[in-house]
Amino acid sequence: MNLTLLMVVLGLYFLLMIAISFVGRRYAKTYDSYLNIGRNAGILLIMGGAIGGHIGNGFVVGGAGSGAEMGIGGIWYGIGCALSYVVLSFTINDFLYKKGYISLSDFLRERYGDRITTLVYSLSTAFSFIGNMAAQIMAGKALFIALGLDGNVGAVVITIVVLLYSQIAGLWGAFATSVVQTGIILLGLIGTTIFVLMQGGVGAIVEAVESGALPKSFFTAVPFDKATLIMLIVPTCLAIFTDQCVFQRVSSARSALTSKAAHLFSTVLMIPLAVMPVFIGMYGAAKYGVRDTSAFFAVVLNSLPAILAAVLVAAVVAAVMSTIDTLFIGVSAVVLHDLYKGFINPNVSEETIKKMNVVLNIIVACFALVISLSFTSIVGLLSSTYTFLASSCLVPFLGGLLWKKGTAKGSVCSSVVGMIIVILNMLGILPLPYASVFPILPAFIVYVAVSLCSQQKNAEA
């Protein structure tokens, strides 16, 4: 692969994305419109945000890495991403749109009337999003490794570029650029899959398995235990109930039907797409001996014609940037909109909060960069962040939505217990069965118990 050609294409592509973002500045004249586009997004923009939230990194780069590591069983994370939008469409989509919530904090504040509940959610969401950003940055690291360059330098470069890129046009810019990137990645994945098939990709994989170079489980649909399968699917599906980006996408749509249709259409596209990067990763393991997250770039850079490879790589990297941009906006929503503007200084000026937003983004980017340099599995890091968010916020949300007797004290205690259990499990102090969903059970028990006790005390008082 001609490195100069790749750098030129990347540079031109980034300029195009920035140009599109500048068009979106008219939709981000105020801080609130920076967060939700003013309910002006159509099906195409919502689909761009929904698919773009997954397809650049965990779905494509991480999916190929999983394929290279475990074979066809690597499809399950991508399928979980797709199914999460089915769950969203038929559960809370209409409710969120009708209420116009920009974040879960809006619901928690209205439901419980308690600041601590909102504070717990905002902090846990911010931490979860920083971990998600770190997973996105790891894609830049994988690209540099595939090019024979320093992966840590790649992580730093991606972080700096996306930090600058994120300051331009807000949510509209993130959605609009995602539409372009998703289209190119879609065509690129189909083209790469066809090209690999024409090059005898299936035969190469079969030969590698038969020779013992790759394990026989490479063609096993579920090559792991049930706990691993659950961890790949369930946290992603549960995360939609607490995902800040989901709330903003739904509230940005022109109607509830627009949001529902866009997310269901996204599912239809994402399920077959989940197979393609995994197959590409399997071929990378067989052909080039790459068994990690750089498998996708190894195949693209070494198998495709130079210009096509450069465009596809640019689209994937730009999609990663767009995803990080959306996460920056999400963190800004929970920290500045929910906490600072909601509790500390409701009358803060537009100029002040925009300056604070820049400082916040710089701090968040630095934390995400440090985390990205400490992990090796993109999918593993993403699953952990989704588990953390679901364990701390799922029960207070669904409990408050479905059970009238839930109280603020029950909500706070539930969140704290969920977070503690997840952290102890991550540190290896408290090994758990089905660790991706088990912490939700004690969180639920605490929510019910504390809510009933606090109700009784209030009645006695």
# chains A, B, ... in the order shown; residues from 1 in each chain; ligands from 1
>>> residues_around(residues="segment 192-208 of chain A", least_positions_apart="6", cutoff="7 Å", atoms="only C-alpha atoms", output="ChimeraX atom specification")
/A:214,276,280,282-283,286-287
>>> residues_around(residues="Leu123 of chain A", least_positions_apart="3", cutoff="12 Å", atoms="only C-alpha atoms", output="list in words")
Ser105, Ile116, Thr117, Thr118, Leu119, Val120, Ala126, Phe127, Ser128, Phe129, Ile130, Gln244, Gly330, Val331, Ser332, Ala333, Val334, Val335, Leu336, Asp338, Leu339, Phe388, Leu389, Ser392, Cys393, Ser415, Val416 and Met419 of chain A
>>> write_last_selection(atoms="N, CA, C and O atoms", output="compact mmCIF listing (two decimals), in the first residue's frame")
# COMPACT_ATOMS: atom_id res chain seq x y z
N SER A 105 -31.54 12.00 32.28
CA SER A 105 -31.62 12.87 33.46
C SER A 105 -32.94 13.64 33.48
O SER A 105 -33.50 13.90 34.55
N ILE A 116 -29.77 13.87 43.43
CA ILE A 116 -28.73 12.85 43.55
C ILE A 116 -28.91 11.78 42.48
O ILE A 116 -27.94 11.28 41.90
N THR A 117 -30.16 11.41 42.19
CA THR A 117 -30.42 10.41 41.16
C THR A 117 -29.87 10.87 39.81
O THR A 117 -29.23 10.10 39.09
N THR A 118 -30.12 12.11 39.48
CA THR A 118 -29.62 12.68 38.23
C THR A 118 -28.10 12.73 38.23
O THR A 118 -27.45 12.45 37.22
N LEU A 119 -27.51 13.08 39.37
CA LEU A 119 -26.05 13.16 39.48
C LEU A 119 -25.42 11.79 39.23
O LEU A 119 -24.44 11.68 38.48
N VAL A 120 -25.99 10.75 39.84
CA VAL A 120 -25.46 9.39 39.66
C VAL A 120 -25.51 8.99 38.19
O VAL A 120 -24.55 8.46 37.62
N ALA A 126 -21.12 9.61 31.81
CA ALA A 126 -19.88 10.24 31.36
C ALA A 126 -18.74 9.23 31.38
O ALA A 126 -17.96 9.14 30.42
N PHE A 127 -18.62 8.45 32.45
CA PHE A 127 -17.56 7.44 32.53
C PHE A 127 -17.73 6.38 31.44
O PHE A 127 -16.76 5.95 30.82
N SER A 128 -18.97 5.96 31.21
CA SER A 128 -19.24 4.95 30.19
C SER A 128 -18.87 5.47 28.80
O SER A 128 -18.26 4.76 28.00
N PHE A 129 -19.20 6.71 28.53
CA PHE A 129 -18.90 7.29 27.21
C PHE A 129 -17.41 7.48 27.00
O PHE A 129 -16.91 7.35 25.89
N ILE A 130 -16.70 7.79 28.06
CA ILE A 130 -15.24 7.91 27.93
C ILE A 130 -14.64 6.56 27.55
O ILE A 130 -13.74 6.48 26.70
N GLN A 244 -27.30 7.80 26.20
CA GLN A 244 -27.55 9.21 25.94
C GLN A 244 -27.73 9.50 24.45
O GLN A 244 -28.58 10.29 24.04
N GLY A 330 -22.76 13.74 23.71
CA GLY A 330 -23.45 13.06 24.80
C GLY A 330 -22.90 13.43 26.16
O GLY A 330 -23.66 13.69 27.11
N VAL A 331 -21.59 13.45 26.28
CA VAL A 331 -20.96 13.84 27.55
C VAL A 331 -21.32 15.29 27.89
O VAL A 331 -21.62 15.62 29.05
N SER A 332 -21.29 16.15 26.89
CA SER A 332 -21.65 17.54 27.10
C SER A 332 -23.09 17.66 27.61
O SER A 332 -23.39 18.48 28.49
N ALA A 333 -23.97 16.83 27.07
CA ALA A 333 -25.38 16.87 27.48
C ALA A 333 -25.55 16.54 28.95
O ALA A 333 -26.29 17.20 29.67
N VAL A 334 -24.86 15.47 29.42
CA VAL A 334 -25.06 15.05 30.80
C VAL A 334 -24.29 15.91 31.80
O VAL A 334 -24.74 16.11 32.93
N VAL A 335 -23.12 16.41 31.40
CA VAL A 335 -22.30 17.19 32.33
C VAL A 335 -22.72 18.66 32.36
O VAL A 335 -22.94 19.24 33.43
N LEU A 336 -22.83 19.28 31.19
CA LEU A 336 -23.14 20.71 31.13
C LEU A 336 -24.64 20.99 31.13
O LEU A 336 -25.12 21.85 31.87
N ASP A 338 -27.26 18.78 31.87
CA ASP A 338 -27.99 18.20 33.00
C ASP A 338 -27.48 18.69 34.36
O ASP A 338 -28.28 19.04 35.22
N LEU A 339 -26.16 18.70 34.54
CA LEU A 339 -25.61 19.04 35.85
C LEU A 339 -25.38 20.53 36.02
O LEU A 339 -25.96 21.16 36.91
N PHE A 388 -21.50 -1.57 32.41
CA PHE A 388 -21.40 -0.58 33.48
C PHE A 388 -22.60 0.36 33.46
O PHE A 388 -23.22 0.63 34.49
N LEU A 389 -22.95 0.84 32.26
CA LEU A 389 -24.06 1.78 32.14
C LEU A 389 -25.39 1.12 32.48
O LEU A 389 -26.21 1.69 33.20
N SER A 392 -25.86 0.42 36.29
CA SER A 392 -26.06 1.58 37.16
C SER A 392 -27.34 2.35 36.86
O SER A 392 -27.87 3.03 37.74
N CYS A 393 -27.88 2.25 35.64
CA CYS A 393 -28.99 3.12 35.25
C CYS A 393 -30.25 2.41 34.78
O CYS A 393 -31.32 3.02 34.74
N SER A 415 -28.39 2.18 41.86
CA SER A 415 -27.29 2.57 40.98
C SER A 415 -25.94 2.32 41.62
O SER A 415 -25.01 1.80 40.98
N VAL A 416 -25.81 2.69 42.88
CA VAL A 416 -24.53 2.53 43.59
C VAL A 416 -24.17 1.05 43.69
O VAL A 416 -23.02 0.65 43.42
N MET A 419 -23.08 -0.31 40.23
CA MET A 419 -21.74 0.14 39.85
C MET A 419 -20.65 -0.58 40.64
O MET A 419 -19.64 -0.99 40.09
>>> atom_distance(atom1="atom CA of Ile185 of chain A", atom2="atom CA of Ile137 of chain A")
17.9 Å
>>> closest_residue(among="A:Ile75, A:Leu381, A:Leu3, A:Ile440", to="Val222 of chain A", atoms="only C-alpha atoms")
A:Ile75
>>> residues_around(residues="Gln181 of chain A", least_positions_apart="5", cutoff="7 Å", atoms="only C-alpha atoms", output="PDB file with N, CA and C atoms, in the first residue's frame")
ATOM      1  N   ALA A 315     -12.972   6.167   5.030  1.00  0.00           N
ATOM      2  CA  ALA A 315     -14.363   6.148   5.481  1.00  0.00           C
ATOM      3  C   ALA A 315     -14.490   5.549   6.869  1.00  0.00           C
ATOM      4  N   ALA A 318     -13.017   7.984   9.384  1.00  0.00           N
ATOM      5  CA  ALA A 318     -13.909   9.130   9.540  1.00  0.00           C
ATOM      6  C   ALA A 318     -15.165   8.747  10.314  1.00  0.00           C
ATOM      7  N   ALA A 319     -15.659   7.506  10.118  1.00  0.00           N
ATOM      8  CA  ALA A 319     -16.816   7.038  10.879  1.00  0.00           C
ATOM      9  C   ALA A 319     -16.477   6.937  12.364  1.00  0.00           C
TER      10      ALA A 319
END
>>> closest_residue(among="A:Gly428, A:Gly400, A:Gly74, A:Gly148", to="Thr228 of chain A", atoms="only C-alpha atoms")
A:Gly74
>>> select_by_dssp(residues="segment 116-353 of chain A", states="alpha helix (DSSP H)", output="count of residues only")
182
>>> atom_distance(atom1="atom CA of Phe59 of chain A", atom2="atom CA of Tyr85 of chain A")
14.4 Å
>>> residues_around(residues="Ala435 of chain A", least_positions_apart="2", cutoff="9 Å", atoms="only C-alpha atoms", output="mmCIF file with all heavy atoms, in the first residue's frame")
data_model
loop_
_atom_site.group_PDB
_atom_site.id
_atom_site.type_symbol
_atom_site.label_atom_id
_atom_site.label_comp_id
_atom_site.auth_asym_id
_atom_site.auth_seq_id
_atom_site.Cartn_x
_atom_site.Cartn_y
_atom_site.Cartn_z
ATOM 1 N N ALA A 227 -22.304 -17.765 28.633
ATOM 2 C CA ALA A 227 -22.019 -16.499 29.311
ATOM 3 C C ALA A 227 -21.381 -15.498 28.346
ATOM 4 O O ALA A 227 -21.715 -14.310 28.345
ATOM 5 C CB ALA A 227 -21.100 -16.731 30.509
ATOM 6 N N MET A 231 -22.876 -11.953 26.958
ATOM 7 C CA MET A 231 -22.125 -10.704 27.114
ATOM 8 C C MET A 231 -21.990 -9.954 25.792
ATOM 9 O O MET A 231 -21.914 -8.726 25.781
ATOM 10 C CB MET A 231 -20.743 -10.997 27.689
ATOM 11 C CG MET A 231 -19.925 -9.738 27.919
ATOM 12 S SD MET A 231 -18.562 -9.972 29.074
ATOM 13 C CE MET A 231 -17.926 -8.284 29.168
ATOM 14 N N THR A 387 -22.106 -2.725 29.927
ATOM 15 C CA THR A 387 -22.487 -3.400 31.161
ATOM 16 C C THR A 387 -22.499 -2.427 32.329
ATOM 17 O O THR A 387 -23.422 -2.426 33.160
ATOM 18 C CB THR A 387 -21.513 -4.555 31.466
ATOM 19 O OG1 THR A 387 -21.567 -5.514 30.404
ATOM 20 C CG2 THR A 387 -21.862 -5.247 32.778
ATOM 21 N N VAL A 422 -20.154 -4.194 39.389
ATOM 22 C CA VAL A 422 -19.466 -4.237 38.095
ATOM 23 C C VAL A 422 -17.978 -3.944 38.256
ATOM 24 O O VAL A 422 -17.125 -4.619 37.681
ATOM 25 C CB VAL A 422 -20.095 -3.239 37.106
ATOM 26 C CG1 VAL A 422 -19.239 -3.119 35.845
ATOM 27 C CG2 VAL A 422 -21.496 -3.695 36.722
ATOM 28 N N ASN A 425 -16.161 -6.824 39.815
ATOM 29 C CA ASN A 425 -15.998 -7.912 38.851
ATOM 30 C C ASN A 425 -14.889 -7.601 37.853
ATOM 31 O O ASN A 425 -14.075 -8.463 37.507
ATOM 32 C CB ASN A 425 -17.315 -8.147 38.118
ATOM 33 C CG ASN A 425 -17.200 -9.239 37.068
ATOM 34 O OD1 ASN A 425 -17.078 -10.411 37.365
ATOM 35 N ND2 ASN A 425 -17.217 -8.837 35.811
ATOM 36 N N PRO A 431 -15.640 -12.410 41.051
ATOM 37 C CA PRO A 431 -16.011 -13.087 39.808
ATOM 38 C C PRO A 431 -17.492 -13.454 39.819
ATOM 39 O O PRO A 431 -18.011 -13.940 40.824
ATOM 40 C CB PRO A 431 -15.129 -14.339 39.807
ATOM 41 C CG PRO A 431 -14.021 -14.033 40.773
ATOM 42 C CD PRO A 431 -14.624 -13.143 41.818
ATOM 43 N N LEU A 432 -18.175 -13.217 38.692
ATOM 44 C CA LEU A 432 -19.607 -13.444 38.631
ATOM 45 C C LEU A 432 -19.987 -14.314 37.431
ATOM 46 O O LEU A 432 -19.362 -14.208 36.375
ATOM 47 C CB LEU A 432 -20.361 -12.108 38.512
ATOM 48 C CG LEU A 432 -20.228 -11.123 39.669
ATOM 49 C CD1 LEU A 432 -20.869 -9.798 39.289
ATOM 50 C CD2 LEU A 432 -20.882 -11.687 40.927
ATOM 51 N N PRO A 433 -21.010 -15.137 37.576
ATOM 52 C CA PRO A 433 -21.548 -15.840 36.401
ATOM 53 C C PRO A 433 -22.375 -14.857 35.574
ATOM 54 O O PRO A 433 -23.069 -13.993 36.134
ATOM 55 C CB PRO A 433 -22.442 -16.922 37.027
ATOM 56 C CG PRO A 433 -22.872 -16.336 38.336
ATOM 57 C CD PRO A 433 -21.706 -15.513 38.822
ATOM 58 N N VAL A 437 -24.942 -9.376 32.819
ATOM 59 C CA VAL A 437 -26.323 -9.114 33.235
ATOM 60 C C VAL A 437 -26.558 -9.360 34.724
ATOM 61 O O VAL A 437 -27.510 -8.830 35.295
ATOM 62 C CB VAL A 437 -27.323 -9.974 32.427
ATOM 63 C CG1 VAL A 437 -27.324 -9.554 30.978
ATOM 64 C CG2 VAL A 437 -27.002 -11.454 32.551
ATOM 65 N N PHE A 438 -25.685 -10.134 35.363
ATOM 66 C CA PHE A 438 -25.911 -10.485 36.767
ATOM 67 C C PHE A 438 -26.014 -9.265 37.684
ATOM 68 O O PHE A 438 -26.867 -9.248 38.590
ATOM 69 C CB PHE A 438 -24.800 -11.415 37.273
ATOM 70 C CG PHE A 438 -25.004 -11.885 38.686
ATOM 71 C CD1 PHE A 438 -25.784 -13.002 38.940
ATOM 72 C CD2 PHE A 438 -24.442 -11.202 39.758
ATOM 73 C CE1 PHE A 438 -25.993 -13.436 40.249
ATOM 74 C CE2 PHE A 438 -24.637 -11.622 41.056
ATOM 75 C CZ PHE A 438 -25.420 -12.742 41.300
ATOM 76 N N PRO A 439 -25.187 -8.225 37.531
ATOM 77 C CA PRO A 439 -25.275 -7.082 38.444
ATOM 78 C C PRO A 439 -26.637 -6.399 38.451
ATOM 79 O O PRO A 439 -26.966 -5.697 39.414
ATOM 80 C CB PRO A 439 -24.192 -6.127 37.906
ATOM 81 C CG PRO A 439 -23.217 -7.014 37.220
ATOM 82 C CD PRO A 439 -24.050 -8.080 36.598
#
>>> residues_around(residues="Leu108 of chain A", least_positions_apart="3", cutoff="9 Å", atoms="only C-alpha atoms", output="list in words")
Leu104, Ser105, Arg111, Tyr112, Gly113, Asp114, Arg115, Thr117, Thr118, Tyr121, Pro396, Phe397, Gly400 and Ala408 of chain A
>>> write_last_selection(atoms="all heavy atoms", output="CSV table (one decimal), in the first residue's frame")
chain,number,residue,atom,x,y,z
A,104,LEU,N,-31.6,11.0,29.8
A,104,LEU,CA,-32.3,10.2,30.8
A,104,LEU,C,-32.4,11.1,32.1
A,104,LEU,O,-33.4,10.9,32.9
A,104,LEU,CB,-31.5,8.9,31.1
A,104,LEU,CG,-32.1,8.0,32.2
A,104,LEU,CD1,-33.5,7.6,31.9
A,104,LEU,CD2,-31.2,6.8,32.3
A,105,SER,N,-31.5,12.0,32.3
A,105,SER,CA,-31.6,12.9,33.5
A,105,SER,C,-32.9,13.6,33.5
A,105,SER,O,-33.5,13.9,34.6
A,105,SER,CB,-30.5,13.9,33.5
A,105,SER,OG,-29.2,13.2,33.7
A,111,ARG,N,-39.3,12.2,37.3
A,111,ARG,CA,-39.9,11.1,38.0
A,111,ARG,C,-39.7,11.1,39.5
A,111,ARG,O,-40.6,10.8,40.3
A,111,ARG,CB,-39.4,9.8,37.3
A,111,ARG,CG,-39.7,8.5,38.1
A,111,ARG,CD,-41.2,8.2,38.2
A,111,ARG,NE,-41.5,7.0,38.8
A,111,ARG,CZ,-41.5,6.8,40.1
A,111,ARG,NH1,-41.3,7.8,40.9
A,111,ARG,NH2,-41.8,5.6,40.7
A,112,TYR,N,-38.4,11.3,39.9
A,112,TYR,CA,-38.1,11.2,41.3
A,112,TYR,C,-38.0,12.5,42.0
A,112,TYR,O,-38.0,12.5,43.2
A,112,TYR,CB,-36.7,10.4,41.4
A,112,TYR,CG,-36.8,9.0,40.9
A,112,TYR,CD1,-36.1,8.6,39.7
A,112,TYR,CD2,-37.5,8.0,41.6
A,112,TYR,CE1,-36.2,7.3,39.3
A,112,TYR,CE2,-37.5,6.7,41.2
A,112,TYR,CZ,-36.9,6.4,40.0
A,112,TYR,OH,-36.9,5.1,39.6
A,113,GLY,N,-37.8,13.6,41.3
A,113,GLY,CA,-37.7,14.9,41.9
A,113,GLY,C,-36.5,15.0,42.8
A,113,GLY,O,-36.5,15.7,43.9
A,114,ASP,N,-35.4,14.3,42.4
A,114,ASP,CA,-34.2,14.2,43.3
A,114,ASP,C,-32.9,14.5,42.5
A,114,ASP,O,-32.7,13.9,41.5
A,114,ASP,CB,-34.2,12.8,43.9
A,114,ASP,CG,-32.9,12.6,44.7
A,114,ASP,OD1,-32.8,13.2,45.8
A,114,ASP,OD2,-32.0,11.8,44.3
A,115,ARG,N,-32.1,15.3,43.0
A,115,ARG,CA,-30.9,15.7,42.3
A,115,ARG,C,-29.8,14.6,42.3
A,115,ARG,O,-29.0,14.5,41.4
A,115,ARG,CB,-30.3,17.0,42.9
A,115,ARG,CG,-31.2,18.2,42.7
A,115,ARG,CD,-30.5,19.5,43.0
A,115,ARG,NE,-31.2,20.7,42.7
A,115,ARG,CZ,-30.8,21.9,42.7
A,115,ARG,NH1,-29.5,22.1,43.1
A,115,ARG,NH2,-31.5,22.9,42.3
A,117,THR,N,-30.2,11.4,42.2
A,117,THR,CA,-30.4,10.4,41.2
A,117,THR,C,-29.9,10.9,39.8
A,117,THR,O,-29.2,10.1,39.1
A,117,THR,CB,-31.9,10.2,41.0
A,117,THR,OG1,-32.5,9.8,42.3
A,117,THR,CG2,-32.2,9.1,40.0
A,118,THR,N,-30.1,12.1,39.5
A,118,THR,CA,-29.6,12.7,38.2
A,118,THR,C,-28.1,12.7,38.2
A,118,THR,O,-27.5,12.5,37.2
A,118,THR,CB,-30.2,14.1,38.0
A,118,THR,OG1,-31.6,14.0,38.0
A,118,THR,CG2,-29.7,14.7,36.7
A,121,TYR,N,-26.6,9.2,37.5
A,121,TYR,CA,-26.8,8.9,36.1
A,121,TYR,C,-25.8,9.7,35.3
A,121,TYR,O,-25.1,9.1,34.4
A,121,TYR,CB,-28.2,9.2,35.6
A,121,TYR,CG,-28.2,9.2,34.1
A,121,TYR,CD1,-28.1,8.0,33.4
A,121,TYR,CD2,-28.3,10.4,33.4
A,121,TYR,CE1,-28.2,8.0,32.0
A,121,TYR,CE2,-28.3,10.4,32.0
A,121,TYR,CZ,-28.3,9.2,31.3
A,121,TYR,OH,-28.2,9.3,30.0
A,396,PRO,N,-33.2,2.0,37.7
A,396,PRO,CA,-33.9,3.3,38.0
A,396,PRO,C,-34.8,3.8,36.9
A,396,PRO,O,-35.8,4.3,37.2
A,396,PRO,CB,-32.7,4.2,38.3
A,396,PRO,CG,-31.6,3.4,38.7
A,396,PRO,CD,-31.7,2.1,37.9
A,397,PHE,N,-34.4,3.6,35.7
A,397,PHE,CA,-35.2,4.0,34.5
A,397,PHE,C,-36.4,3.1,34.4
A,397,PHE,O,-37.6,3.6,34.4
A,397,PHE,CB,-34.4,4.0,33.2
A,397,PHE,CG,-35.2,4.3,32.0
A,397,PHE,CD1,-35.9,5.5,31.9
A,397,PHE,CD2,-35.3,3.4,31.0
A,397,PHE,CE1,-36.7,5.8,30.8
A,397,PHE,CE2,-36.1,3.7,29.9
A,397,PHE,CZ,-36.8,4.9,29.8
A,400,GLY,N,-38.7,3.2,37.5
A,400,GLY,CA,-39.4,4.5,37.6
A,400,GLY,C,-40.5,4.5,36.6
A,400,GLY,O,-41.6,5.1,36.8
A,408,ALA,N,-36.8,7.8,45.1
A,408,ALA,CA,-35.5,8.4,44.8
A,408,ALA,C,-34.4,7.6,45.6
A,408,ALA,O,-33.3,7.3,45.0
A,408,ALA,CB,-35.4,9.8,45.1
>>> residues_around(residues="Ala68 of chain A", least_positions_apart="2", cutoff="6 Å", atoms="only C-alpha atoms", output="PDB file with C-alpha atoms, in the first residue's frame")
ATOM      1  CA  GLY A  65     -10.788  -8.592  14.912  1.00  0.00           C
ATOM      2  CA  SER A  66     -13.291 -10.991  16.479  1.00  0.00           C
ATOM      3  CA  MET A  70     -12.558 -16.799  16.901  1.00  0.00           C
ATOM      4  CA  GLY A  71     -13.966 -17.252  13.381  1.00  0.00           C
ATOM      5  CA  GLY A 281     -11.136 -10.890   9.541  1.00  0.00           C
ATOM      6  CA  MET A 282     -11.174 -14.672   9.069  1.00  0.00           C
ATOM      7  CA  ALA A 285      -6.077 -14.599   9.851  1.00  0.00           C
ATOM      8  CA  ARG A 291      -5.294 -12.465  14.786  1.00  0.00           C
TER       9      ARG A 291
END
>>> residues_around(residues="Ile353 of chain A", least_positions_apart="2", cutoff="12 Å", atoms="only C-alpha atoms", output="list in words")
Thr30, Tyr31, Asp32, Tyr34, Ser332, Ala333, Val335, Leu336, His337, Tyr340, Lys341, Asn345, Pro346, Asn347, Val348, Ser349, Glu350, Glu351, Lys355, Met356, Asn357, Val358, Val359 and Leu360 of chain A
>>> closest_residue(among="A:Cys237, A:Ala390, A:Ala50, A:Leu430", to="Phe444 of chain A", atoms="only C-alpha atoms")
A:Ala390
>>> atom_distance(atom1="atom CA of Val320 of chain A", atom2="atom CA of Phe218 of chain A")
27.8 Å
